[in-house]
Every structure is written in C-alpha cells, then in structure tokens.
file work_11.cif (mmCIF, C-alpha atoms)
data_my_file
#
loop_
_atom_site.label_atom_id
_atom_site.label_comp_id
_atom_site.auth_asym_id
_atom_site.auth_seq_id
_atom_site.Cartn_x
_atom_site.Cartn_y
_atom_site.Cartn_z
CA MET A 2 3.01 -128.84 176.14
CA ILE A 3 -0.52 -127.83 177.08
CA TYR A 4 -2.17 -124.47 176.44
CA PHE A 5 -5.80 -123.55 175.88
CA GLU A 6 -8.45 -120.89 176.41
CA TYR A 7 -12.18 -121.13 177.18
CA LEU A 8 -14.04 -118.04 176.05
CA ILE A 9 -17.23 -116.09 176.62
CA ALA A 10 -19.22 -114.10 174.06
CA ASN A 11 -21.85 -111.38 174.21
CA ASP A 12 -25.02 -110.80 172.16
CA ARG A 13 -23.13 -108.62 169.67
CA ASP A 14 -20.62 -111.43 169.07
CA TYR A 15 -23.44 -113.88 168.38
CA ARG A 16 -24.95 -111.48 165.84
CA TRP A 17 -21.71 -111.88 163.88
CA GLY A 18 -22.88 -115.42 163.18
CA LEU A 19 -20.00 -117.33 164.77
CA VAL A 20 -18.38 -117.24 168.19
CA THR A 21 -15.42 -119.28 169.41
CA THR A 22 -15.89 -121.13 172.68
CA THR A 23 -12.52 -122.81 173.13
CA VAL A 24 -9.18 -123.18 171.40
CA GLY A 25 -6.08 -125.05 172.41
CA VAL A 26 -3.17 -127.38 171.72
CA GLN A 27 -1.86 -130.15 173.92
CA GLU A 28 0.66 -132.96 173.65
CA ILE A 29 -0.13 -136.12 175.61
CA GLY A 30 2.87 -138.37 176.25
CA PRO A 31 2.75 -142.18 176.34
CA GLY A 32 1.00 -143.43 179.48
CA ALA A 33 -0.12 -139.95 180.56
CA VAL A 34 -3.50 -139.36 182.23
CA TYR A 35 -6.14 -138.27 179.74
CA PRO A 36 -7.91 -135.95 179.65
CA VAL A 37 -5.78 -133.57 181.69
CA ARG A 38 -7.47 -132.17 184.79
CA GLU A 39 -7.00 -128.48 184.04
CA HIS A 40 -10.08 -128.24 181.80
CA PRO A 41 -13.39 -126.83 183.12
CA ASP A 42 -15.87 -129.37 184.52
CA ALA A 43 -18.26 -128.99 181.58
CA TYR A 44 -15.51 -130.19 179.24
CA MET A 45 -14.24 -133.08 181.32
CA PHE A 46 -14.97 -136.69 180.43
CA SER A 47 -13.40 -140.13 180.72
CA THR A 48 -12.94 -143.07 178.42
CA LYS A 49 -15.69 -144.83 180.39
CA LYS A 50 -18.15 -141.93 180.40
CA ASP A 51 -18.92 -139.97 177.26
CA ARG A 52 -19.59 -136.24 176.99
CA ILE A 53 -22.09 -133.93 175.28
CA LEU A 54 -21.17 -130.38 174.25
CA GLN A 55 -23.33 -127.57 172.91
CA GLU A 56 -20.81 -126.46 170.30
CA PHE A 57 -19.21 -127.71 167.08
CA VAL A 58 -15.54 -128.68 167.52
CA PHE A 59 -12.69 -129.39 165.13
CA LEU A 60 -10.21 -131.78 166.83
CA TYR A 61 -7.02 -132.29 164.81
CA ILE A 62 -4.61 -135.11 165.65
CA TYR A 63 -1.14 -134.27 164.39
CA GLU A 64 1.02 -136.79 166.24
CA GLY A 65 0.47 -140.27 167.67
CA SER A 66 -2.69 -142.35 167.50
CA GLY A 67 -5.84 -143.26 169.42
CA TRP A 68 -9.58 -143.67 168.93
CA PHE A 69 -12.77 -141.64 168.55
CA ALA A 70 -16.45 -142.55 168.95
CA SER A 71 -19.76 -140.68 168.84
CA ALA A 72 -23.49 -141.27 168.53
CA HIS A 73 -23.18 -141.57 164.74
CA CYS A 74 -19.63 -142.92 164.56
CA LYS A 75 -18.63 -146.30 165.94
CA LYS A 76 -15.30 -146.52 167.74
CA THR A 77 -12.77 -145.63 165.07
CA ARG A 78 -8.98 -145.70 165.00
CA VAL A 79 -7.41 -142.27 164.45
CA LYS A 80 -3.86 -141.26 163.69
CA ALA A 81 -1.77 -138.23 162.82
CA GLY A 82 -3.46 -136.33 160.01
CA ASP A 83 -7.03 -137.16 161.09
CA MET A 84 -9.64 -134.52 161.91
CA CYS A 85 -12.38 -135.54 164.35
CA LEU A 86 -15.61 -133.56 164.23
CA ILE A 87 -17.63 -133.14 167.43
CA PHE A 88 -21.22 -132.14 166.75
CA PRO A 89 -23.44 -130.15 169.13
CA ASN A 90 -25.71 -132.14 171.44
CA GLU A 91 -24.14 -135.46 170.42
CA TRP A 92 -22.40 -137.81 172.84
CA HIS A 93 -18.79 -138.58 172.04
CA SER A 94 -15.56 -139.83 173.56
CA TYR A 95 -11.95 -140.20 172.46
CA ALA A 96 -8.48 -140.89 173.83
CA PRO A 97 -4.89 -141.42 172.73
CA ASP A 98 -3.23 -144.83 172.82
CA LYS A 99 -1.25 -145.27 176.03
CA GLU A 100 1.65 -146.68 173.99
CA THR A 101 2.02 -143.64 171.75
CA GLY A 102 0.10 -140.73 173.25
CA TRP A 103 -0.88 -138.04 170.77
CA ALA A 104 -0.77 -134.32 170.02
CA GLU A 105 -4.05 -132.53 169.37
CA ALA A 106 -5.25 -129.08 168.40
CA TRP A 107 -8.88 -128.02 168.70
CA ILE A 108 -11.23 -125.13 168.26
CA GLY A 109 -14.92 -124.99 169.21
CA CYS A 110 -17.58 -122.67 167.86
CA LYS A 111 -21.28 -121.82 168.01
CA GLY A 112 -23.68 -119.71 165.96
CA THR A 113 -25.76 -119.60 162.84
CA ILE A 114 -22.78 -120.14 160.52
CA PRO A 115 -21.59 -123.47 161.99
CA GLN A 116 -25.21 -124.61 162.12
CA GLN A 117 -25.53 -123.85 158.39
CA TRP A 118 -22.48 -126.03 157.71
CA ILE A 119 -24.28 -128.90 159.40
CA ASP A 120 -27.75 -128.21 158.01
CA ASN A 121 -26.41 -127.97 154.46
CA GLY A 122 -24.38 -131.16 154.72
CA PHE A 123 -20.87 -129.71 154.48
CA PHE A 124 -20.03 -131.66 157.65
CA THR A 125 -22.13 -134.66 158.72
CA PRO A 126 -22.22 -136.65 162.00
CA ASP A 127 -21.95 -139.98 160.19
CA ASN A 128 -18.62 -138.88 158.72
CA ALA A 129 -17.00 -137.56 161.87
CA VAL A 130 -13.42 -138.79 161.28
CA LEU A 131 -11.78 -137.24 158.23
CA ASN A 132 -8.34 -138.14 156.97
CA ILE A 133 -7.09 -134.77 155.73
CA GLY A 134 -3.36 -135.49 156.08
CA MET A 135 -0.63 -133.51 157.77
CA ASN A 136 -0.97 -129.78 157.14
CA ASN A 137 1.43 -127.30 158.71
CA GLN A 138 -0.68 -124.34 157.56
CA LEU A 139 -3.65 -125.78 159.43
CA LEU A 140 -1.59 -126.12 162.59
CA ASP A 141 -0.53 -122.51 162.17
CA TYR A 142 -4.20 -121.45 162.10
CA PHE A 143 -4.81 -123.22 165.43
CA ASN A 144 -1.75 -121.61 167.02
CA ARG A 145 -2.60 -118.14 165.73
CA ALA A 146 -6.17 -118.53 166.95
CA TYR A 147 -4.84 -119.41 170.40
CA GLU A 148 -2.69 -116.27 170.46
CA VAL A 149 -5.73 -114.13 169.60
CA ALA A 150 -7.79 -115.87 172.29
CA LYS A 151 -5.06 -115.37 174.89
CA GLN A 152 -4.69 -111.64 174.20
CA GLN A 153 -8.44 -110.95 173.87
CA SER A 154 -7.95 -107.62 172.13
CA PRO A 155 -11.02 -105.63 171.00
CA ALA A 156 -13.12 -107.61 168.46
CA TYR A 157 -11.13 -110.75 169.22
CA GLN A 158 -14.22 -112.91 168.68
CA GLN A 159 -14.57 -111.57 165.15
CA MET A 160 -10.88 -112.22 164.52
CA LEU A 161 -11.28 -115.77 165.82
CA ALA A 162 -14.25 -116.27 163.50
CA GLY A 163 -11.83 -115.68 160.63
CA TYR A 164 -9.52 -118.43 161.85
CA VAL A 165 -12.45 -120.82 162.33
CA GLY A 166 -13.43 -120.03 158.76
CA MET A 167 -9.93 -120.82 157.48
CA ILE A 168 -9.81 -124.07 159.46
CA SER A 169 -13.26 -125.19 158.28
CA SER A 170 -12.60 -124.35 154.64
CA THR A 171 -9.19 -126.07 154.75
CA VAL A 172 -10.79 -129.21 156.16
CA TYR A 173 -13.62 -129.18 153.62
CA SER A 174 -11.25 -128.52 150.72
CA ALA A 175 -8.88 -131.29 151.82
CA CYS A 176 -11.72 -133.79 152.04
CA ARG A 177 -13.02 -132.96 148.56
CA GLY A 178 -9.53 -133.12 147.11
CA LEU A 179 -8.69 -136.42 148.79
CA ALA A 180 -11.91 -137.95 147.47
CA TYR A 181 -10.44 -137.66 143.98
CA LYS A 182 -6.82 -138.32 144.80
CA CYS A 183 -5.03 -140.61 142.32
CA SER A 184 -7.89 -140.25 139.82
CA PRO A 185 -7.92 -138.45 136.46
CA VAL A 186 -11.09 -136.54 137.35
CA ILE A 187 -9.43 -133.40 138.72
CA LYS A 188 -6.99 -133.36 135.80
CA ASN A 189 -9.86 -133.61 133.31
CA ILE A 190 -11.86 -130.82 134.97
CA ASN A 191 -8.84 -128.54 135.03
CA ARG A 192 -8.19 -129.24 131.33
CA ALA A 193 -11.82 -128.39 130.60
CA LYS A 194 -11.55 -125.12 132.52
CA ARG A 195 -8.44 -124.12 130.58
CA PHE A 196 -10.15 -124.98 127.28
CA MET A 197 -13.14 -122.81 128.26
CA HIS A 198 -10.82 -119.97 129.23
CA ASP A 199 -8.94 -120.18 125.94
CA ASN A 200 -12.25 -120.11 124.04
CA ILE A 201 -14.14 -117.63 126.21
CA CYS A 202 -14.94 -115.44 123.20
CA GLU A 203 -16.42 -118.37 121.27
CA ASN A 204 -19.86 -119.96 121.42
CA ILE A 205 -18.56 -123.50 122.03
CA SER A 206 -20.79 -126.35 123.18
CA MET A 207 -20.12 -128.38 126.30
CA GLU A 208 -20.18 -131.54 124.18
CA GLU A 209 -17.20 -130.05 122.37
CA VAL A 210 -15.44 -129.49 125.68
CA ALA A 211 -16.14 -133.10 126.71
CA ARG A 212 -14.67 -134.35 123.42
CA TYR A 213 -11.57 -132.21 124.00
CA VAL A 214 -11.13 -133.76 127.45
CA GLY A 215 -11.72 -137.20 125.99
CA ILE A 216 -14.69 -138.50 127.97
CA GLY A 217 -18.42 -138.91 127.36
CA TYR A 218 -20.60 -135.87 127.93
CA SER A 219 -22.80 -137.44 130.64
CA LYS A 220 -19.82 -138.44 132.79
CA PHE A 221 -18.09 -135.12 132.09
CA ARG A 222 -21.14 -133.14 133.20
CA LYS A 223 -21.58 -135.25 136.34
CA ASP A 224 -17.91 -134.99 137.35
CA PHE A 225 -17.74 -131.27 136.57
CA LYS A 226 -20.77 -130.43 138.70
CA GLN A 227 -19.58 -132.62 141.57
CA ILE A 228 -16.24 -130.81 141.66
CA THR A 229 -17.33 -127.22 140.96
CA GLY A 230 -20.96 -127.17 142.10
CA LEU A 231 -21.99 -125.87 138.65
CA SER A 232 -22.82 -127.56 135.37
CA PRO A 233 -20.22 -126.99 132.63
CA ASN A 234 -22.55 -124.61 130.81
CA GLN A 235 -23.30 -122.60 133.98
CA TYR A 236 -19.57 -122.38 134.70
CA PHE A 237 -18.81 -121.16 131.17
CA ILE A 238 -21.54 -118.51 131.40
CA GLU A 239 -20.23 -117.33 134.77
CA MET A 240 -16.75 -117.12 133.26
CA LYS A 241 -18.09 -114.99 130.37
CA LEU A 242 -20.02 -112.72 132.73
CA GLU A 243 -16.97 -112.08 134.90
CA ARG A 244 -15.03 -111.14 131.75
CA SER A 245 -17.90 -108.92 130.60
CA LYS A 246 -17.81 -106.95 133.87
CA THR A 247 -14.20 -106.03 133.20
CA MET A 248 -14.98 -105.05 129.61
CA LEU A 249 -17.96 -102.91 130.67
CA LEU A 250 -15.62 -100.74 132.71
CA ASN A 251 -14.05 -99.61 129.43
CA GLU A 252 -16.30 -96.86 128.07
CA GLU A 253 -14.79 -97.18 124.62
CA ILE A 254 -16.48 -100.59 124.17
CA SER A 255 -20.24 -100.56 123.72
CA CYS A 256 -22.49 -103.03 125.50
CA LYS A 257 -23.37 -104.46 122.09
CA GLU A 258 -19.68 -105.05 121.31
CA VAL A 259 -19.20 -106.74 124.68
CA ALA A 260 -22.06 -109.13 123.90
CA PHE A 261 -20.79 -110.15 120.47
CA SER A 262 -17.12 -110.32 121.52
CA LEU A 263 -17.99 -112.90 124.20
CA GLY A 264 -20.01 -115.10 121.87
CA PHE A 265 -23.53 -114.27 123.04
CA ASP A 266 -26.13 -114.81 120.31
CA SER A 267 -27.49 -111.27 120.57
CA PRO A 268 -27.26 -108.16 122.79
CA PRO A 269 -30.80 -108.74 124.18
CA TYR A 270 -29.83 -112.29 125.21
CA PHE A 271 -26.64 -110.98 126.84
CA THR A 272 -28.70 -108.40 128.73
CA LYS A 273 -31.17 -111.07 129.88
CA VAL A 274 -28.41 -113.39 131.16
CA PHE A 275 -26.45 -110.55 132.76
CA ARG A 276 -29.52 -109.22 134.58
CA SER A 277 -30.52 -112.69 135.83
CA HIS A 278 -27.10 -113.11 137.43
CA THR A 279 -26.45 -109.59 138.72
CA GLY A 280 -29.86 -107.92 139.04
CA LEU A 281 -28.64 -105.16 136.69
CA THR A 282 -28.53 -104.62 132.96
CA PRO A 283 -25.04 -104.21 131.45
CA GLN A 284 -25.65 -100.47 131.08
CA GLU A 285 -26.84 -100.15 134.68
CA PHE A 286 -23.74 -102.03 135.85
CA ARG A 287 -21.55 -99.67 133.82
CA ASN A 288 -23.30 -96.57 135.17
CA ARG A 289 -22.96 -97.77 138.75
CA HIS A 290 -19.24 -98.56 138.51
CA LEU A 291 -17.97 -95.68 136.40
#

call {"tool": "encode", "arguments": {"input": "work_11.cif", "output": "structure tokens"}}
result
Amino acid sequence: MIYFEYLIANDRDYRWGLVTTTVGVQEIGPGAVYPVREHPDAYMFSTKKDRILQEFVFLYIYEGSGWFASAHCKKTRVKAGDMCLIFPNEWHSYAPDKETGWAEAWIGCKGTIPQQWIDNGFFTPDNAVLNIGMNNQLLDYFNRAYEVAKQQSPAYQQMLAGYVGMISSTVYSACRGLAYKCSPVIKNINRAKRFMHDNICENISMEEVARYVGIGYSKFRKDFKQITGLSPNQYFIEMKLERSKTMLLNEEISCKEVAFSLGFDSPPYFTKVFRSHTGLTPQEFRNRHL
C-alpha cells in the first residue's frame, strides 16, 4: 500500500502560518526497494546518500523496524511506535530493515508556526527519534490529512494545518507523558490540582498543598512547573480568575462579593490581579460581556 501527495501553496496560505508540503502512507515489505521510485526527485535519497529538505517532517513508523540518522542524531534503531523528526536544512537518511520492512506515515510542513516549535525548543534536532508508542488516533490524523490533500477542496491548506496541529500536539503530549511514565509525579500533580479545585474559595498556601500531596515544597514546586508550565501559585490564581469570570456574568453578585468569595485579600487586590491577567478590570469585563 502506497499513497501520497506533494502539494503547492500560495502567498495567502503562507500568511496562515503553516502550509503542508507532503503527506502520505506507505507499507514497505521485507526485501523491497527503498525508497520507492514514485516520489519527486527532490525527495529521493538512498541509504548511501543522505538528503536535505526545506521543511519540517513528522515520520511515524507504525509497523516493522529500521534505522534513522541525521546531522544531530547518530544512526539509531527505530521500531513501531517511534516518531522520527526531520528538521529543515539538515541532512538525514533512514530505511527499513530488509528482514522486516516497515509501514510509515508522514506529513511535512513549512511556515512561521513550525519554525516557532523549533525555535522555542518544543522539538529539537538532538532528540529526533521519539518513542511515542502505538496510537491509532494519530494514524487516523495522517489518513484524514491525506484525504484532504487528495481532494484539494477550497481552503484545503488551512484544513491540513489543523491536522498538522493535532499531530504535533499529540506527539508533544505523548513525549511529556512518557517522560513521567511509571512515576508518582503525575499522580501527585493531579492530586494537587484536585485539592486546589476543592479549595478554590479559600486562601490556602502552596506549602499546604505540598503537605497534602506528601512531598517537600521545593520538589513539589519544581515538578508542578515542569508538568504544567506554571508555578503552583500561578496555577491556583489562574484557576480562581477563570472561576471569577463565570461569577462576573451573574449581575446579582457584586465584584466585591466575587473577590471575597474566591479568597482574595481585598477587592482592590482582586482588581489588580484580574487586570494584570486580562487587561480589564472586573467591572469592565462584566460590562463587555453582558
């Protein structure tokens, strides 16, 4: 089974921030020639001669085994459940084992959004082979993206950008989750979140949350920020502010009552925090949304 599309994009598509250059799925049987000859010349390579592309590519191996190598990644064994990342302007090469063959799905993209992923360290060239495990939903994204690419209906590039977004976020989420697999960290953070939620109307300290979870505050704060991207206190404040937005939509509750009911020390402090996060005072937010 081999099917793929190579795509073009216009200036309007690029202004969207992400364009898809190629998408496909192919199954390579044991002993088969690789890569297959149907691909455009710019995408052809051999196991003896590497290749450089201008785009960012997600290459998902979902059956069989083989190897992958790039400028920042020494020759590495890959197997079903591995995602290989191909970075723009970086030489790379890969192939299935002749004994097993493999099945692969890929999607390539360009634009300011994929470049931001790289620039901000969400995906890095020195970590180009990611073991994300077998994921049927991910395979479905690749297959749906191919169907969109094949039909090329109006705004198909923008639709494909959505699938690239789902694939990228699934890969990133899987990697972060696997980093803490078989550890109590995720369990502790989730317990802390539930404790915060249950006490959202109280003025609890984060040391108290750490004691509830059963670990020292320094480790708790470090683990919490690594998982959520926010310190425990920032997360708790964000949680309170989201609740306050809902309460402010009820005209029968004054802004002062909202502040005190959510455990803020005073209405002026609540206003200060709310404005720093939203750019509006609580009353301005209420006026705008009612």

call {"tool": "resolve_selection", "arguments": {"input": "work_11.cif", "expression": "the PyMOL selection byres ((chain A and resi 252) around 12)", "output": "list in words"}}
result
Lys246, Thr247, Met248, Leu249, Leu250, Asn251, Glu253, Ile254, Ser255, Cys256, Lys257, Glu258, Val259, Pro283, Gln284, Phe286, Arg287, Asn288, His290 and Leu291 of chain A

call {"tool": "residues_near_point", "arguments": {"input": "work_11.cif", "point": "(-17.2, -134.3, 131.0)", "cutoff": "12 Å", "atoms": "all atoms listed in the file", "output": "PDB file with C-alpha atoms, in the coordinates of the input"}}
result
ATOM      1  CA  PRO A 185      -7.920-138.450 136.460  1.00  0.00           C
ATOM      2  CA  VAL A 186     -11.090-136.540 137.350  1.00  0.00           C
ATOM      3  CA  ILE A 187      -9.430-133.400 138.720  1.00  0.00           C
ATOM      4  CA  LYS A 188      -6.990-133.360 135.800  1.00  0.00           C
ATOM      5  CA  ASN A 189      -9.860-133.610 133.310  1.00  0.00           C
ATOM      6  CA  ILE A 190     -11.860-130.820 134.970  1.00  0.00           C
ATOM      7  CA  ASN A 191      -8.840-128.540 135.030  1.00  0.00           C
ATOM      8  CA  ARG A 192      -8.190-129.240 131.330  1.00  0.00           C
ATOM      9  CA  ALA A 193     -11.820-128.390 130.600  1.00  0.00           C
ATOM     10  CA  LYS A 194     -11.550-125.120 132.520  1.00  0.00           C
ATOM     11  CA  SER A 206     -20.790-126.350 123.180  1.00  0.00           C
ATOM     12  CA  MET A 207     -20.120-128.380 126.300  1.00  0.00           C
ATOM     13  CA  GLU A 208     -20.180-131.540 124.180  1.00  0.00           C
ATOM     14  CA  GLU A 209     -17.200-130.050 122.370  1.00  0.00           C
ATOM     15  CA  VAL A 210     -15.440-129.490 125.680  1.00  0.00           C
ATOM     16  CA  ALA A 211     -16.140-133.100 126.710  1.00  0.00           C
ATOM     17  CA  ARG A 212     -14.670-134.350 123.420  1.00  0.00           C
ATOM     18  CA  TYR A 213     -11.570-132.210 124.000  1.00  0.00           C
ATOM     19  CA  VAL A 214     -11.130-133.760 127.450  1.00  0.00           C
ATOM     20  CA  GLY A 215     -11.720-137.200 125.990  1.00  0.00           C
ATOM     21  CA  ILE A 216     -14.690-138.500 127.970  1.00  0.00           C
ATOM     22  CA  GLY A 217     -18.420-138.910 127.360  1.00  0.00           C
ATOM     23  CA  TYR A 218     -20.600-135.870 127.930  1.00  0.00           C
ATOM     24  CA  SER A 219     -22.800-137.440 130.640  1.00  0.00           C
ATOM     25  CA  LYS A 220     -19.820-138.440 132.790  1.00  0.00           C
ATOM     26  CA  PHE A 221     -18.090-135.120 132.090  1.00  0.00           C
ATOM     27  CA  ARG A 222     -21.140-133.140 133.200  1.00  0.00           C
ATOM     28  CA  LYS A 223     -21.580-135.250 136.340  1.00  0.00           C
ATOM     29  CA  ASP A 224     -17.910-134.990 137.350  1.00  0.00           C
ATOM     30  CA  PHE A 225     -17.740-131.270 136.570  1.00  0.00           C
ATOM     31  CA  LYS A 226     -20.770-130.430 138.700  1.00  0.00           C
ATOM     32  CA  GLN A 227     -19.580-132.620 141.570  1.00  0.00           C
ATOM     33  CA  ILE A 228     -16.240-130.810 141.660  1.00  0.00           C
ATOM     34  CA  SER A 232     -22.820-127.560 135.370  1.00  0.00           C
ATOM     35  CA  PRO A 233     -20.220-126.990 132.630  1.00  0.00           C
ATOM     36  CA  ASN A 234     -22.550-124.610 130.810  1.00  0.00           C
TER      37      ASN A 234
END

call {"tool": "resolve_selection", "arguments": {"input": "work_11.cif", "expression": "the PyMOL selection byres ((chain A and resi 151-159) around 10)", "output": "ChimeraX atom specification"}}
result
/A:4-11,13-15,17-22,24,145-150,160-165

call {"tool": "write_last_selection", "arguments": {"input": "work_11.cif", "atoms": "C-alpha atoms", "output": "tab-separated table (two decimals), keeping the file's coordinate frame"}}
result
chain	number	residue	atom	x	y	z
A	4	TYR	CA	-2.17	-124.47	176.44
A	5	PHE	CA	-5.80	-123.55	175.88
A	6	GLU	CA	-8.45	-120.89	176.41
A	7	TYR	CA	-12.18	-121.13	177.18
A	8	LEU	CA	-14.04	-118.04	176.05
A	9	ILE	CA	-17.23	-116.09	176.62
A	10	ALA	CA	-19.22	-114.10	174.06
A	11	ASN	CA	-21.85	-111.38	174.21
A	13	ARG	CA	-23.13	-108.62	169.67
A	14	ASP	CA	-20.62	-111.43	169.07
A	15	TYR	CA	-23.44	-113.88	168.38
A	17	TRP	CA	-21.71	-111.88	163.88
A	18	GLY	CA	-22.88	-115.42	163.18
A	19	LEU	CA	-20.00	-117.33	164.77
A	20	VAL	CA	-18.38	-117.24	168.19
A	21	THR	CA	-15.42	-119.28	169.41
A	22	THR	CA	-15.89	-121.13	172.68
A	24	VAL	CA	-9.18	-123.18	171.40
A	145	ARG	CA	-2.60	-118.14	165.73
A	146	ALA	CA	-6.17	-118.53	166.95
A	147	TYR	CA	-4.84	-119.41	170.40
A	148	GLU	CA	-2.69	-116.27	170.46
A	149	VAL	CA	-5.73	-114.13	169.60
A	150	ALA	CA	-7.79	-115.87	172.29
A	160	MET	CA	-10.88	-112.22	164.52
A	161	LEU	CA	-11.28	-115.77	165.82
A	162	ALA	CA	-14.25	-116.27	163.50
A	163	GLY	CA	-11.83	-115.68	160.63
A	164	TYR	CA	-9.52	-118.43	161.85
A	165	VAL	CA	-12.45	-120.82	162.33

call {"tool": "closest_residue", "arguments": {"input": "work_11.cif", "among": "A:Ser94, A:Thr272, A:Ser267, A:Gln55", "to": "Ser71 in chain A", "atoms": "all atoms listed in the file"}}
result
A:Ser94

call {"tool": "closest_residue", "arguments": {"input": "work_11.cif", "among": "A:Ala81, A:Trp92, A:Leu60, A:Gly102", "to": "Ala33 in chain A", "atoms": "only C-alpha atoms"}}
result
A:Gly102

call {"tool": "residues_around", "arguments": {"input": "work_11.cif", "residues": "Ala129 in chain A", "least_positions_apart": "6", "cutoff": "8 Å", "atoms": "only C-alpha atoms", "output": "PyMOL selection string"}}
result
chain A and resi 73-74+84-87

call {"tool": "write_last_selection", "arguments": {"input": "work_11.cif", "atoms": "C-alpha atoms", "output": "CSV table (one decimal), keeping the file's coordinate frame"}}
result
chain,number,residue,atom,x,y,z
A,73,HIS,CA,-23.2,-141.6,164.7
A,74,CYS,CA,-19.6,-142.9,164.6
A,84,MET,CA,-9.6,-134.5,161.9
A,85,CYS,CA,-12.4,-135.5,164.4
A,86,LEU,CA,-15.6,-133.6,164.2
A,87,ILE,CA,-17.6,-133.1,167.4

call {"tool": "closest_residue", "arguments": {"input": "work_11.cif", "among": "A:Gly109, A:Pro31, A:Gly25, A:Gly166", "to": "Gly67 in chain A", "atoms": "only C-alpha atoms"}}
result
A:Pro31

call {"tool": "resolve_selection", "arguments": {"input": "work_11.cif", "expression": "the PyMOL selection byres ((chain A and resi 90) around 6)", "output": "list in words"}}
result
Ile53, Leu54, Gln55, Pro89 and Glu91 of chain A

call {"tool": "closest_residue", "arguments": {"input": "work_11.cif", "among": "A:Pro269, A:Pro97, A:Gly82, A:Gly280", "to": "Gly32 in chain A", "atoms": "all atoms listed in the file"}}
result
A:Pro97

call {"tool": "closest_residue", "arguments": {"input": "work_11.cif", "among": "A:Tyr63, A:Phe57, A:Tyr173, A:Phe237", "to": "Phe143 in chain A", "atoms": "only C-alpha atoms"}}
result
A:Tyr63

call {"tool": "atom_distance", "arguments": {"input": "work_11.cif", "atom1": "CA of Tyr142 in chain A", "atom2": "CA of Met167 in chain A"}}
result
7.4 Å

call {"tool": "residues_around", "arguments": {"input": "work_11.cif", "residues": "Arg177 in chain A", "least_positions_apart": "4", "cutoff": "12 Å", "atoms": "only C-alpha atoms", "output": "VMD selection string"}}
result
chain A and resid 123 to 124 131 to 133 170 to 173 181 to 182 186 to 187 227 to 230

call {"tool": "residues_around", "arguments": {"input": "work_11.cif", "residues": "Lys241 in chain A", "least_positions_apart": "5", "cutoff": "9 Å", "atoms": "only C-alpha atoms", "output": "number ranges by chain"}}
result
A: 198, 201-202, 236, 246, 263-264

call {"tool": "atom_distance", "arguments": {"input": "work_11.cif", "atom1": "CA of Asn200 in chain A", "atom2": "CA of Lys273 in chain A"}}
result
21.8 Å

call {"tool": "closest_residue", "arguments": {"input": "work_11.cif", "among": "A:Asp12, A:Leu139, A:Val34, A:Ile114", "to": "Tyr61 in chain A", "atoms": "only C-alpha atoms"}}
result
A:Leu139

call {"tool": "axis_aligned_box", "arguments": {"input": "work_11.cif", "around": "range 79-92 of chain A", "padding_each_side": "4 Å", "output": "AutoDock Vina command-line options"}}
result
--center_x -13.7 --center_y -136.2 --center_z 166.4 --size_x 31.9 --size_y 20.1 --size_z 20.8

call {"tool": "atom_distance", "arguments": {"input": "work_11.cif", "atom1": "CA of Tyr35 in chain A", "atom2": "CA of Pro115 in chain A"}}
result
27.8 Å

call {"tool": "residues_around", "arguments": {"input": "work_11.cif", "residues": "Thr77 in chain A", "least_positions_apart": "3", "cutoff": "7 Å", "atoms": "only C-alpha atoms", "output": "list in words"}}
result
Trp68, Phe69 and Ala70 of chain A

call {"tool": "decode", "arguments": {"input": "work_11.cif", "residues": "range 146-160 of chain A", "atoms": "N, CA and C atoms", "output": "short mmCIF file (atom, residue, chain, number, x, y, z; two decimals), in the first residue's frame"}}
result
data_model
loop_
_atom_site.label_atom_id
_atom_site.label_comp_id
_atom_site.auth_asym_id
_atom_site.auth_seq_id
_atom_site.Cartn_x
_atom_site.Cartn_y
_atom_site.Cartn_z
N ALA A 146 -5.67 13.52 6.86
CA ALA A 146 -4.92 14.58 6.19
C ALA A 146 -4.68 14.22 4.73
N TYR A 147 -4.38 12.95 4.47
CA TYR A 147 -4.18 12.52 3.08
C TYR A 147 -5.45 12.70 2.26
N GLU A 148 -6.59 12.37 2.83
CA GLU A 148 -7.86 12.52 2.10
C GLU A 148 -8.11 13.98 1.75
N VAL A 149 -7.81 14.89 2.68
CA VAL A 149 -7.97 16.32 2.41
C VAL A 149 -7.02 16.75 1.30
N ALA A 150 -5.76 16.27 1.36
CA ALA A 150 -4.77 16.64 0.35
C ALA A 150 -5.15 16.11 -1.02
N LYS A 151 -5.73 14.93 -1.06
CA LYS A 151 -6.12 14.32 -2.34
C LYS A 151 -7.27 15.09 -2.98
N GLN A 152 -8.24 15.53 -2.18
CA GLN A 152 -9.41 16.22 -2.73
C GLN A 152 -9.12 17.68 -3.08
N GLN A 153 -8.25 18.31 -2.29
CA GLN A 153 -7.85 19.70 -2.51
C GLN A 153 -9.07 20.62 -2.72
N SER A 154 -9.99 20.53 -1.77
CA SER A 154 -11.15 21.42 -1.78
C SER A 154 -10.70 22.83 -1.40
N PRO A 155 -11.57 23.84 -1.57
CA PRO A 155 -11.19 25.20 -1.17
C PRO A 155 -10.71 25.24 0.29
N ALA A 156 -9.64 26.01 0.52
CA ALA A 156 -9.04 26.17 1.87
C ALA A 156 -8.47 24.86 2.39
N TYR A 157 -8.09 23.95 1.49
CA TYR A 157 -7.57 22.67 1.96
C TYR A 157 -6.27 22.83 2.74
N GLN A 158 -5.46 23.86 2.40
CA GLN A 158 -4.22 24.06 3.16
C GLN A 158 -4.53 24.42 4.61
N GLN A 159 -5.55 25.22 4.82
CA GLN A 159 -5.91 25.60 6.18
C GLN A 159 -6.47 24.39 6.95
N MET A 160 -7.21 23.52 6.25
CA MET A 160 -7.69 22.31 6.88
C MET A 160 -6.53 21.39 7.24
#
